[in-house]
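Okay, query-v9.cif is below, mmCIF, C-alpha atoms:
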```
data_my_file
loop_
_atom_site.group_PDB
_atom_site.id
_atom_site.type_symbol
_atom_site.label_atom_id
_atom_site.label_comp_id
_atom_site.auth_asym_id
_atom_site.auth_seq_id
_atom_site.Cartn_x
_atom_site.Cartn_y
_atom_site.Cartn_z
ATOM 1 C CA MET U 1 -16.555 -33.863 51.731
ATOM 2 C CA ALA U 2 -16.583 -30.364 50.228
ATOM 3 C CA ARG U 3 -19.894 -28.546 49.816
ATOM 4 C CA LEU U 4 -21.286 -25.882 47.535
ATOM 5 C CA VAL U 5 -24.044 -24.063 49.390
ATOM 6 C CA ARG U 6 -26.519 -21.397 48.308
ATOM 7 C CA MET U 7 -27.982 -18.963 50.854
ATOM 8 C CA ASP U 8 -31.666 -18.625 50.032
ATOM 9 C CA GLY U 9 -35.145 -18.378 51.491
ATOM 10 C CA SER U 10 -34.871 -21.786 53.121
ATOM 11 C CA GLY U 11 -31.773 -20.743 55.082
ATOM 12 C CA HIS U 12 -29.344 -22.561 52.872
ATOM 13 C CA THR U 13 -29.445 -25.267 50.251
ATOM 14 C CA THR U 14 -26.635 -27.689 49.433
ATOM 15 C CA LEU U 15 -26.139 -27.530 45.661
ATOM 16 C CA ALA U 16 -23.321 -30.048 45.313
ATOM 17 C CA GLU U 17 -20.851 -32.130 47.266
ATOM 18 C CA TRP U 18 -17.540 -33.484 46.080
ATOM 19 C CA THR U 19 -14.186 -34.848 47.116
ATOM 20 C CA ALA U 20 -10.869 -33.880 45.565
ATOM 21 C CA ARG U 21 -10.577 -37.364 44.013
ATOM 22 C CA ASP U 22 -14.083 -37.545 42.572
ATOM 23 C CA ASP U 23 -13.820 -35.823 39.188
ATOM 24 C CA ALA U 24 -17.431 -36.409 38.172
ATOM 25 C CA ALA U 25 -18.830 -34.932 41.385
ATOM 26 C CA PHE U 26 -16.465 -31.992 41.117
ATOM 27 C CA GLU U 27 -17.489 -31.322 37.496
ATOM 28 C CA ALA U 28 -21.145 -31.368 38.549
ATOM 29 C CA ALA U 29 -20.312 -28.888 41.306
ATOM 30 C CA VAL U 30 -18.487 -26.655 38.802
ATOM 31 C CA GLU U 31 -21.583 -26.670 36.584
ATOM 32 C CA GLU U 32 -23.761 -25.633 39.526
ATOM 33 C CA PHE U 33 -21.255 -22.956 40.498
ATOM 34 C CA ARG U 34 -21.120 -21.468 37.000
ATOM 35 C CA GLY U 35 -24.882 -21.643 36.613
ATOM 36 C CA HIS U 36 -25.338 -19.651 39.793
ATOM 37 C CA LEU U 37 -22.745 -17.074 38.753
ATOM 38 C CA GLU U 38 -24.849 -16.522 35.635
ATOM 39 C CA LEU U 39 -27.899 -16.004 37.853
ATOM 40 C CA GLY U 40 -26.081 -13.186 39.641
ATOM 41 C CA TYR U 41 -24.808 -15.050 42.682
ATOM 42 C CA ILE U 42 -21.349 -14.387 44.080
ATOM 43 C CA GLY U 43 -18.990 -17.198 45.101
ATOM 44 C CA THR U 44 -17.456 -16.788 48.555
ATOM 45 C CA LEU U 45 -14.916 -19.027 50.211
ATOM 46 C CA PRO U 46 -14.923 -18.705 54.012
ATOM 47 C CA ASP U 47 -11.245 -19.360 54.714
ATOM 48 C CA GLY U 48 -10.600 -19.038 58.405
ATOM 49 C CA PRO U 49 -11.778 -16.913 61.307
ATOM 50 C CA GLY U 50 -12.843 -13.484 60.100
ATOM 51 C CA ARG U 51 -11.704 -14.116 56.551
ATOM 52 C CA ALA U 52 -13.419 -14.851 53.263
ATOM 53 C CA THR U 53 -12.372 -14.720 49.640
ATOM 54 C CA HIS U 54 -14.371 -13.955 46.528
ATOM 55 C CA VAL U 55 -13.902 -16.816 44.053
ATOM 56 C CA ARG U 56 -14.642 -16.810 40.322
ATOM 57 C CA GLU U 57 -13.813 -20.485 39.863
ATOM 58 C CA LEU U 58 -14.749 -23.325 42.172
ATOM 59 C CA PRO U 59 -11.642 -24.382 44.135
ATOM 60 C CA ARG U 60 -11.312 -28.161 44.133
ATOM 61 C CA GLU U 61 -9.603 -28.216 47.551
ATOM 62 C CA ALA U 62 -12.147 -25.979 49.304
ATOM 63 C CA GLY U 63 -14.169 -27.304 52.232
ATOM 64 C CA LEU U 64 -17.128 -24.960 51.783
ATOM 65 C CA VAL U 65 -18.066 -22.486 49.063
ATOM 66 C CA VAL U 66 -21.053 -20.219 49.594
ATOM 67 C CA MET U 67 -23.157 -18.658 46.862
ATOM 68 C CA ARG U 68 -24.543 -15.368 48.103
ATOM 69 C CA ARG U 69 -26.578 -12.535 46.647
ATOM 70 C CA PRO U 70 -24.917 -9.159 45.999
ATOM 71 C CA ILE U 71 -25.199 -6.523 48.698
ATOM 72 C CA ALA U 72 -26.097 -2.886 48.124
ATOM 73 C CA GLY U 73 -26.448 0.306 50.111
ATOM 74 C CA GLY U 74 -29.895 0.452 51.681
ATOM 75 C CA MET D 1 -12.201 5.734 41.012
ATOM 76 C CA GLU D 2 -12.903 2.058 41.539
ATOM 77 C CA ALA D 3 -11.301 0.570 44.599
ATOM 78 C CA ALA D 4 -8.032 -1.222 44.049
ATOM 79 C CA ALA D 5 -6.417 -2.014 47.374
ATOM 80 C CA PRO D 6 -7.564 -5.402 48.572
ATOM 81 C CA ASP D 7 -7.530 -6.167 52.272
ATOM 82 C CA ARG D 8 -8.349 -8.946 54.725
ATOM 83 C CA GLY D 9 -9.381 -11.781 52.465
ATOM 84 C CA GLY D 10 -7.155 -10.382 49.722
ATOM 85 C CA THR D 11 -10.044 -9.839 47.312
ATOM 86 C CA VAL D 12 -11.967 -6.845 46.060
ATOM 87 C CA LEU D 13 -15.694 -6.902 46.665
ATOM 88 C CA PRO D 14 -17.420 -7.470 43.294
ATOM 89 C CA GLU D 15 -20.285 -5.142 44.270
ATOM 90 C CA LEU D 16 -17.863 -2.199 44.040
ATOM 91 C CA SER D 17 -18.513 -2.201 40.308
ATOM 92 C CA SER D 18 -22.016 -0.887 41.067
ATOM 93 C CA VAL D 19 -20.629 2.260 42.755
ATOM 94 C CA PRO D 20 -17.643 3.237 40.558
ATOM 95 C CA TRP D 21 -17.984 6.923 41.497
ATOM 96 C CA ARG D 22 -17.294 6.345 45.184
ATOM 97 C CA ALA D 23 -13.854 6.805 46.713
ATOM 98 C CA ARG D 24 -12.724 3.801 48.726
ATOM 99 C CA THR D 25 -13.831 4.129 52.350
ATOM 100 C CA ASP D 26 -10.629 3.770 54.317
ATOM 101 C CA LYS D 27 -9.534 4.957 57.779
ATOM 102 C CA ARG D 28 -8.650 8.391 56.476
ATOM 103 C CA TRP D 29 -12.063 8.788 54.815
ATOM 104 C CA LEU D 30 -13.815 7.714 58.010
ATOM 105 C CA ARG D 31 -11.802 10.102 60.182
ATOM 106 C CA ARG D 32 -12.563 12.958 57.807
ATOM 107 C CA TRP D 33 -16.291 12.150 57.845
ATOM 108 C CA GLY D 34 -16.171 11.865 61.622
ATOM 109 C CA ARG D 35 -14.764 15.391 61.829
ATOM 110 C CA ILE D 36 -17.335 16.703 59.337
ATOM 111 C CA TRP D 37 -20.190 15.204 61.375
ATOM 112 C CA LEU D 38 -18.722 16.707 64.569
ATOM 113 C CA ALA D 39 -18.439 20.136 62.930
ATOM 114 C CA TRP D 40 -21.982 19.852 61.564
ATOM 115 C CA THR D 41 -23.360 18.888 64.987
ATOM 116 C CA THR D 42 -21.551 21.827 66.583
ATOM 117 C CA LEU D 43 -22.819 24.145 63.876
ATOM 118 C CA TYR D 44 -26.484 23.409 64.485
ATOM 119 C CA THR D 45 -26.399 23.094 68.276
ATOM 120 C CA VAL D 46 -24.229 26.042 69.331
ATOM 121 C CA PRO D 47 -26.545 28.719 67.834
ATOM 122 C CA PHE D 48 -29.513 27.290 69.782
ATOM 123 C CA ILE D 49 -27.506 27.285 73.026
ATOM 124 C CA ALA D 50 -26.119 30.783 72.385
ATOM 125 C CA ALA D 51 -29.578 32.119 71.517
ATOM 126 C CA GLY D 52 -31.044 30.566 74.667
ATOM 127 C CA VAL D 53 -28.372 32.120 76.885
ATOM 128 C CA LEU D 54 -28.744 35.506 75.182
ATOM 129 C CA ILE D 55 -32.539 35.505 75.492
ATOM 130 C CA VAL D 56 -32.550 34.720 79.200
ATOM 131 C CA ALA D 57 -29.769 37.281 79.798
ATOM 132 C CA LEU D 58 -31.801 39.998 78.087
ATOM 133 C CA GLU D 59 -35.167 39.015 79.548
ATOM 134 C CA PRO D 60 -35.321 36.506 82.427
ATOM 135 C CA LEU D 61 -39.066 36.151 81.915
ATOM 136 C CA ALA D 62 -38.310 34.598 78.530
ATOM 137 C CA ALA D 63 -36.862 31.510 80.233
ATOM 138 C CA PRO D 64 -39.402 29.188 78.525
ATOM 139 C CA VAL D 65 -38.068 30.329 75.150
ATOM 140 C CA THR D 66 -34.560 29.536 76.369
ATOM 141 C CA LEU D 67 -35.705 26.070 77.393
ATOM 142 C CA ALA D 68 -37.196 25.555 73.935
ATOM 143 C CA ALA D 69 -33.877 26.590 72.345
ATOM 144 C CA PHE D 70 -31.968 24.187 74.587
ATOM 145 C CA ALA D 71 -34.437 21.446 73.723
ATOM 146 C CA HIS D 72 -33.727 21.986 70.030
ATOM 147 C CA ALA D 73 -29.985 21.767 70.704
ATOM 148 C CA TRP D 74 -30.589 18.400 72.381
ATOM 149 C CA ILE D 75 -33.262 16.921 70.158
ATOM 150 C CA ILE D 76 -31.700 17.492 66.731
ATOM 151 C CA PRO D 77 -28.547 15.423 67.445
ATOM 152 C CA GLU D 78 -30.806 12.802 69.015
ATOM 153 C CA LEU D 79 -32.796 12.573 65.793
ATOM 154 C CA TYR D 80 -29.622 12.089 63.792
ATOM 155 C CA ALA D 81 -28.475 9.419 66.265
ATOM 156 C CA TYR D 82 -31.874 7.727 65.946
ATOM 157 C CA ARG D 83 -31.373 7.628 62.192
ATOM 158 C CA GLY D 84 -27.938 6.096 62.747
ATOM 159 C CA ALA D 85 -29.148 3.477 65.199
ATOM 160 C CA SER D 86 -32.007 2.563 62.874
ATOM 161 C CA VAL D 87 -29.636 0.960 60.379
ATOM 162 C CA VAL D 88 -29.457 -2.192 62.506
ATOM 163 C CA ARG D 89 -33.170 -2.360 63.347
ATOM 164 C CA PRO D 90 -35.089 -5.065 61.458
ATOM 165 C CA LYS D 91 -37.001 -3.421 58.607
ATOM 166 C CA GLY D 92 -39.737 -4.393 56.214
ATOM 167 C CA ALA D 93 -41.180 -7.822 55.534
ATOM 168 C CA ARG D 94 -39.102 -10.689 56.901
ATOM 169 C CA SER D 95 -39.087 -14.238 55.667
ATOM 170 C CA GLU D 96 -38.917 -16.308 58.855
ATOM 171 C CA GLY D 97 -39.454 -19.663 57.146
ATOM 172 C CA GLY D 98 -35.855 -20.801 56.984
ATOM 173 C CA GLU D 99 -34.652 -18.916 60.039
ATOM 174 C CA ALA D 100 -33.690 -21.970 62.114
ATOM 175 C CA ASN D 101 -31.640 -23.283 59.208
ATOM 176 C CA ALA D 102 -30.086 -19.865 58.573
ATOM 177 C CA GLN D 103 -29.312 -19.363 62.252
ATOM 178 C CA GLY D 104 -27.311 -22.580 62.282
ATOM 179 C CA PHE D 105 -25.383 -21.506 59.195
ATOM 180 C CA LEU D 106 -24.619 -18.070 60.645
ATOM 181 C CA GLY D 107 -23.578 -19.695 63.930
ATOM 182 C CA ASP D 108 -20.995 -21.736 62.025
ATOM 183 C CA LEU D 109 -19.424 -18.515 60.744
ATOM 184 C CA LEU D 110 -19.036 -17.075 64.243
ATOM 185 C CA ARG D 111 -16.845 -17.945 67.183
ATOM 186 C CA HIS D 112 -18.510 -19.087 70.393
ATOM 187 C CA GLU D 113 -18.739 -15.671 72.121
ATOM 188 C CA GLU D 114 -19.942 -13.876 68.998
ATOM 189 C CA ARG D 115 -22.468 -16.647 68.351
ATOM 190 C CA GLU D 116 -23.976 -16.257 71.816
ATOM 191 C CA LEU D 117 -24.045 -12.483 71.436
ATOM 192 C CA GLN D 118 -25.737 -12.758 68.050
ATOM 193 C CA ARG D 119 -28.408 -15.092 69.429
ATOM 194 C CA ARG D 120 -29.144 -12.669 72.267
ATOM 195 C CA THR D 121 -29.068 -9.429 70.301
ATOM 196 C CA GLY D 122 -29.561 -10.359 66.637
ATOM 197 C CA LEU D 123 -26.293 -8.577 65.844
ATOM 198 C CA ALA D 124 -22.974 -10.135 64.862
ATOM 199 C CA LEU D 125 -19.736 -8.689 66.186
ATOM 200 C CA GLU D 126 -16.775 -8.695 63.818
ATOM 201 C CA ARG D 127 -13.277 -7.347 64.443
ATOM 202 C CA GLY D 128 -11.803 -5.585 61.435
ATOM 203 C CA GLU D 129 -8.906 -3.383 60.418
ATOM 204 C CA LEU D 130 -11.048 -0.246 60.506
ATOM 205 C CA GLY D 131 -12.535 -0.983 63.910
ATOM 206 C CA VAL D 132 -15.083 -3.314 65.440
ATOM 207 C CA TRP D 133 -18.240 -3.951 63.434
ATOM 208 C CA VAL D 134 -21.716 -4.764 64.677
ATOM 209 C CA VAL D 135 -23.626 -6.301 61.784
ATOM 210 C CA GLY D 136 -27.414 -6.437 61.592
ATOM 211 C CA GLU D 137 -29.937 -7.532 58.979
ATOM 212 C CA ALA D 138 -29.875 -4.323 56.986
ATOM 213 C CA GLY D 139 -26.963 -2.315 58.238
ATOM 214 C CA ALA D 140 -23.840 -2.183 60.323
ATOM 215 C CA LEU D 141 -22.224 -0.047 62.991
ATOM 216 C CA LEU D 142 -18.473 0.520 62.986
ATOM 217 C CA VAL D 143 -16.975 1.403 66.370
ATOM 218 C CA MET D 144 -13.704 3.293 66.050
ATOM 219 C CA GLY D 145 -11.744 3.958 69.202
ATOM 220 C CA ARG D 146 -14.634 3.185 71.574
ATOM 221 C CA ARG D 147 -16.206 6.649 71.463
ATOM 222 C CA ARG D 148 -17.125 7.152 67.822
ATOM 223 C CA VAL D 149 -19.556 5.113 65.758
ATOM 224 C CA HIS D 150 -20.148 5.171 62.018
ATOM 225 C CA CYS D 151 -23.515 3.842 60.879
ATOM 226 C CA PHE D 152 -23.990 2.210 57.463
ATOM 227 C CA CYS D 153 -27.121 1.156 55.592
ATOM 228 C CA VAL D 154 -26.451 -1.969 53.563
ATOM 229 C CA ARG D 155 -28.421 -5.105 52.764
ATOM 230 C CA ALA D 156 -28.533 -8.258 50.693
ATOM 231 C CA SER D 157 -30.542 -7.823 47.522
ATOM 232 C CA ASP D 158 -32.801 -10.871 48.022
ATOM 233 C CA PRO D 159 -35.946 -9.949 50.040
ATOM 234 C CA GLU D 160 -36.812 -13.632 50.578
ATOM 235 C CA LEU D 161 -33.839 -14.278 52.838
ATOM 236 C CA PRO D 162 -34.466 -15.128 56.497
ATOM 237 C CA PRO D 163 -32.988 -12.651 59.036
ATOM 238 C CA SER D 164 -29.859 -14.653 59.912
ATOM 239 C CA ASP D 165 -29.032 -15.183 56.231
ATOM 240 C CA ARG D 166 -29.169 -11.419 55.754
ATOM 241 C CA VAL D 167 -26.629 -11.023 58.534
ATOM 242 C CA ALA D 168 -24.507 -13.823 57.040
ATOM 243 C CA HIS D 169 -24.536 -12.108 53.633
ATOM 244 C CA LEU D 170 -23.214 -8.893 55.127
ATOM 245 C CA LEU D 171 -20.694 -10.730 57.292
ATOM 246 C CA LEU D 172 -19.221 -12.635 54.348
ATOM 247 C CA ALA D 173 -19.016 -9.495 52.215
ATOM 248 C CA LEU D 174 -17.327 -7.656 55.109
ATOM 249 C CA ARG D 175 -14.807 -10.469 55.477
ATOM 250 C CA GLU D 176 -14.073 -10.461 51.754
ATOM 251 C CA ASP D 177 -13.186 -6.777 51.604
ATOM 252 C CA GLU D 178 -13.772 -4.550 54.629
ATOM 253 C CA GLU D 179 -13.098 -1.215 52.936
ATOM 254 C CA GLY D 180 -15.096 -2.330 49.917
ATOM 255 C CA PHE D 181 -17.999 -3.229 52.195
ATOM 256 C CA ALA D 182 -17.905 0.248 53.772
ATOM 257 C CA THR D 183 -17.715 1.784 50.295
ATOM 258 C CA VAL D 184 -20.749 -0.062 48.946
ATOM 259 C CA ALA D 185 -22.778 0.728 52.085
ATOM 260 C CA ASN D 186 -24.494 4.092 52.465
ATOM 261 C CA HIS D 187 -23.019 6.132 55.283
ATOM 262 C CA ALA D 188 -25.914 7.273 57.468
ATOM 263 C CA PHE D 189 -24.381 8.843 60.559
ATOM 264 C CA ALA D 190 -21.198 9.358 62.545
ATOM 265 C CA GLY D 191 -21.205 10.442 66.143
ATOM 266 C CA ALA D 192 -20.889 9.589 69.782
ATOM 267 C CA ALA D 193 -21.322 5.925 70.659
ATOM 268 C CA TRP D 194 -23.297 6.766 73.805
ATOM 269 C CA ARG D 195 -25.814 8.719 71.748
ATOM 270 C CA VAL D 196 -26.320 5.858 69.272
ATOM 271 C CA ARG D 197 -26.578 3.390 72.157
ATOM 272 C CA ARG D 198 -29.468 5.327 73.701
ATOM 273 C CA ARG D 199 -31.366 5.034 70.419
ATOM 274 C CA LEU D 200 -30.829 1.291 69.987
ATOM 275 C CA PRO D 201 -33.528 -1.148 71.137
ATOM 276 C CA ARG D 202 -32.575 -2.368 74.633
ATOM 277 C CA GLY D 203 -32.007 -5.911 73.458
ATOM 278 C CA MET D 204 -29.373 -4.772 70.953
ATOM 279 C CA ARG D 205 -27.345 -2.604 73.310
ATOM 280 C CA PRO D 206 -25.113 -5.424 74.646
ATOM 281 C CA ALA D 207 -23.750 -5.876 71.114
ATOM 282 C CA LEU D 208 -22.636 -2.251 70.925
ATOM 283 C CA ASP D 209 -21.239 -2.486 74.462
ATOM 284 C CA ALA D 210 -19.205 -5.534 73.461
ATOM 285 C CA ALA D 211 -17.946 -3.750 70.353
ATOM 286 C CA ARG D 212 -16.855 -0.739 72.406
ATOM 287 C CA GLN D 213 -15.106 -3.066 74.821
ATOM 288 C CA ALA D 214 -13.357 -4.850 71.947
ATOM 289 C CA ALA D 215 -12.357 -1.545 70.364
ATOM 290 C CA ARG D 216 -10.330 -0.492 73.411
#
```
Mind turning this structure into structure tokens?
Amino acid sequence: MARLVRMDGSGHTTLAEWTARDDAAFEAAVEEFRGHLELGYIGTLPDGPGRATHVRELPREAGLVVMRRPIAGG
Amino acid sequence: MEAAAPDRGGTVLPELSSVPWRARTDKRWLRRWGRIWLAWTTLYTVPFIAAGVLIVALEPLAAPVTLAAFAHAWIIPELYAYRGASVVRPKGARSEGGEANAQGFLGDLLRHEERELQRRTGLALERGELGVWVVGEAGALLVMGRRRVHCFCVRASDPELPPSDRVAHLLLALREDEEGFATVANHAFAGAAWRVRRRLPRGMRPALDAARQAAR
């Protein structure tokens, strides 16, 4: 089961879950993903030890996609 | 001069669009800044030492003035190092509500050793192409070649995030694009690792020690 997760004040919140074969669940996850992009979140795909990729579209085959806030120099 | 060369995760950090005037922070940039900081430190310490030696040579009774000059030569670099070490200290209001949840999420991003280290020190160790990073809630240290440390101020833009989520934000951004991460962050200090270590809270020092060990 793939998950779309948002990092927020509660630690993290699961926004959507889907499987590669479940089109309806995936479409719902895509809607959540796009909605959060519009709110200023950034999609990140943790893809192995020490690696992550910025994603602009929700990958159907992903195991976990994280929505994070932008970072800035402090 | 927006960054172009992707690394690590093969992507360019989207936040780079907020700092289009900055040159990409690569190894060459870091080495150059390391040399500039070394020259700057030499420039403001040597005159105090020279003046102290000269004063005591001319008038031995003026030894207290010499001691004051030497103290300046010691204290000023310490203040800069304190500023550098401060980037990983927790700052400002912290939302602790979801910390247990966030800690679990951050733990999933780390390997066993790094997870244990993060739980003990609050800092996450991350090996990169530029060196070994020590990531805190609102900043990161980059250890290059064991002896030199670059200190960066950088944070997630959401003040409601619990501490471990702040670390996770920085860790994910670092993994997406290491040079981009260093470019977006504000460079606060570069100098000797031992000097920064002295200015870190005791509980955080094992993280820097581990980074220096890993940077060998």
With all atoms listed in the file as the counted atoms, please give the residues lying no more than 7 Å from Glu17 in chain U, apart from itself and same-chain residues fewer than 2 positions off, as a PDB file with C-alpha atoms, in the frame of the given file.
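The result, written out as out-v9.pdb:
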```
ATOM      1  CA  MET U   1     -16.555 -33.863  51.731  1.00  0.00           C
ATOM      2  CA  ALA U   2     -16.583 -30.364  50.228  1.00  0.00           C
ATOM      3  CA  ARG U   3     -19.894 -28.546  49.816  1.00  0.00           C
ATOM      4  CA  LEU U   4     -21.286 -25.882  47.535  1.00  0.00           C
ATOM      5  CA  ALA U  25     -18.830 -34.932  41.385  1.00  0.00           C
ATOM      6  CA  ALA U  29     -20.312 -28.888  41.306  1.00  0.00           C
TER       7      ALA U  29
END
```
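All residues of protein, DNA or RNA that reach within 8 Å of Phe48 in chain D, judged by only C-alpha atoms and not counting those fewer than 4 positions away in the chain, are Tyr44, Gly52, Ala69, Phe70, His72 and Ala73 of chain D.
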Kindly compute an axis-aligned box around the listed atoms of range 34-53 of chain U, allowing 5 Å on each side, and express its centre and edge lengths in Å to one decimal as JSON.
```
{"center_x": -19.2, "center_y": -17.4, "center_z": 48.5, "size_x": 27.3, "size_y": 18.5, "size_z": 35.7}
```
Once the PyMOL selection byres ((chain U) within 7 of (chain D)) has been applied to the shown file, what residues remain in the selection, as a compact mmCIF listing (two decimals) with C-alpha atoms, in the frame of the given file?
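Below you can see part.txt, which holds the result:
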```
# COMPACT_ATOMS: atom_id res chain seq x y z
CA MET U 7 -27.98 -18.96 50.85
CA ASP U 8 -31.67 -18.62 50.03
CA GLY U 9 -35.15 -18.38 51.49
CA SER U 10 -34.87 -21.79 53.12
CA GLY U 11 -31.77 -20.74 55.08
CA HIS U 12 -29.34 -22.56 52.87
CA GLY U 50 -12.84 -13.48 60.10
CA ARG U 51 -11.70 -14.12 56.55
CA ALA U 52 -13.42 -14.85 53.26
CA THR U 53 -12.37 -14.72 49.64
CA HIS U 54 -14.37 -13.96 46.53
CA ARG U 68 -24.54 -15.37 48.10
CA ARG U 69 -26.58 -12.54 46.65
CA PRO U 70 -24.92 -9.16 46.00
CA ILE U 71 -25.20 -6.52 48.70
CA ALA U 72 -26.10 -2.89 48.12
CA GLY U 73 -26.45 0.31 50.11
CA GLY U 74 -29.90 0.45 51.68
```
With the file shown as input, list the residues that the PyMOL selection byres ((chain D and resi 49) around 12) selects, as a PyMOL selection string.
chain D and resi 42-48+50-56+65-74
Within-6 Å shell of (-20.6, -19.4, 48.5) in input frame, all atoms listed in the file, as number ranges by chain
U: 5, 43-45, 65-68
Which residue is closest to Gly136 in chain D? Choose from D:Arg32, D:Arg22, D:Arg89, D:Arg148 and count all atoms listed in the file.
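Closest candidate: D:Arg89.
Of note, CA of Glu32 in chain U and CA of Leu15 in chain U are spaced 6.8 Å apart.
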Counting all atoms listed in the file, I want the residues whose atoms come within 8 Å of (-21.9, -8.6, 73.6) in the file frame, returned as a PyMOL selection string.
chain D and resi 113-114+117-118+121+125+206-211
Report, in Å to a single decimal, how far apart CA of Ala190 in chain D and CA of Ala85 in chain D are.
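Separation of CA of Ala85 in chain D and CA of Ala190 in chain D: 10.2 Å.
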Residue nearest Val134 in chain D - candidates D:Arg199, D:His112, D:Lys91, D:Arg212, atoms counted: all atoms listed in the file:
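The answer is D:Arg212, which sits nearest to Val134 in chain D.
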Could range 82-102 of chain D be completed with N, CA and C atoms and written as a compact mmCIF listing (two decimals), in the coordinates of the input, please?
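Contents of result_33.txt, as written:
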```txt
# COMPACT_ATOMS: atom_id res chain seq x y z
N TYR D 82 -30.79 8.70 66.16
CA TYR D 82 -31.87 7.73 65.95
C TYR D 82 -31.78 7.16 64.52
N ARG D 83 -31.54 8.06 63.59
CA ARG D 83 -31.37 7.63 62.19
C ARG D 83 -30.19 6.66 62.08
N GLY D 84 -29.11 6.97 62.78
CA GLY D 84 -27.94 6.10 62.75
C GLY D 84 -28.23 4.74 63.35
N ALA D 85 -28.86 4.74 64.52
CA ALA D 85 -29.15 3.48 65.20
C ALA D 85 -30.14 2.63 64.40
N SER D 86 -30.97 3.29 63.62
CA SER D 86 -32.01 2.56 62.87
C SER D 86 -31.44 1.63 61.82
N VAL D 87 -30.18 1.82 61.44
CA VAL D 87 -29.64 0.96 60.38
C VAL D 87 -29.61 -0.52 60.80
N VAL D 88 -29.52 -0.78 62.09
CA VAL D 88 -29.46 -2.19 62.51
C VAL D 88 -30.81 -2.72 63.00
N ARG D 89 -31.84 -1.86 62.98
CA ARG D 89 -33.17 -2.36 63.35
C ARG D 89 -33.71 -3.21 62.21
N PRO D 90 -34.43 -4.29 62.52
CA PRO D 90 -35.09 -5.07 61.46
C PRO D 90 -36.09 -4.18 60.74
N LYS D 91 -36.10 -4.27 59.39
CA LYS D 91 -37.00 -3.42 58.61
C LYS D 91 -37.76 -4.25 57.58
N GLY D 92 -38.96 -3.80 57.30
CA GLY D 92 -39.74 -4.39 56.21
C GLY D 92 -40.17 -5.82 56.47
N ALA D 93 -40.70 -6.44 55.43
CA ALA D 93 -41.18 -7.82 55.53
C ALA D 93 -39.99 -8.75 55.76
N ARG D 94 -40.19 -9.75 56.60
CA ARG D 94 -39.10 -10.69 56.90
C ARG D 94 -39.59 -12.10 56.64
N SER D 95 -38.77 -12.84 55.94
CA SER D 95 -39.09 -14.24 55.67
C SER D 95 -38.51 -15.09 56.79
N GLU D 96 -39.38 -15.58 57.67
CA GLU D 96 -38.92 -16.31 58.86
C GLU D 96 -38.85 -17.81 58.61
N GLY D 97 -39.32 -18.24 57.42
CA GLY D 97 -39.45 -19.66 57.15
C GLY D 97 -38.20 -20.48 57.40
N GLY D 98 -37.09 -20.03 56.85
CA GLY D 98 -35.85 -20.80 56.98
C GLY D 98 -34.94 -20.30 58.08
N GLU D 99 -35.49 -19.57 59.04
CA GLU D 99 -34.65 -18.92 60.04
C GLU D 99 -33.83 -19.90 60.88
N ALA D 100 -34.44 -21.01 61.28
CA ALA D 100 -33.69 -21.97 62.11
C ALA D 100 -32.49 -22.51 61.35
N ASN D 101 -32.71 -22.80 60.08
CA ASN D 101 -31.64 -23.28 59.21
C ASN D 101 -30.55 -22.22 59.03
N ALA D 102 -31.01 -20.98 58.80
CA ALA D 102 -30.09 -19.86 58.57
C ALA D 102 -29.30 -19.53 59.84
```
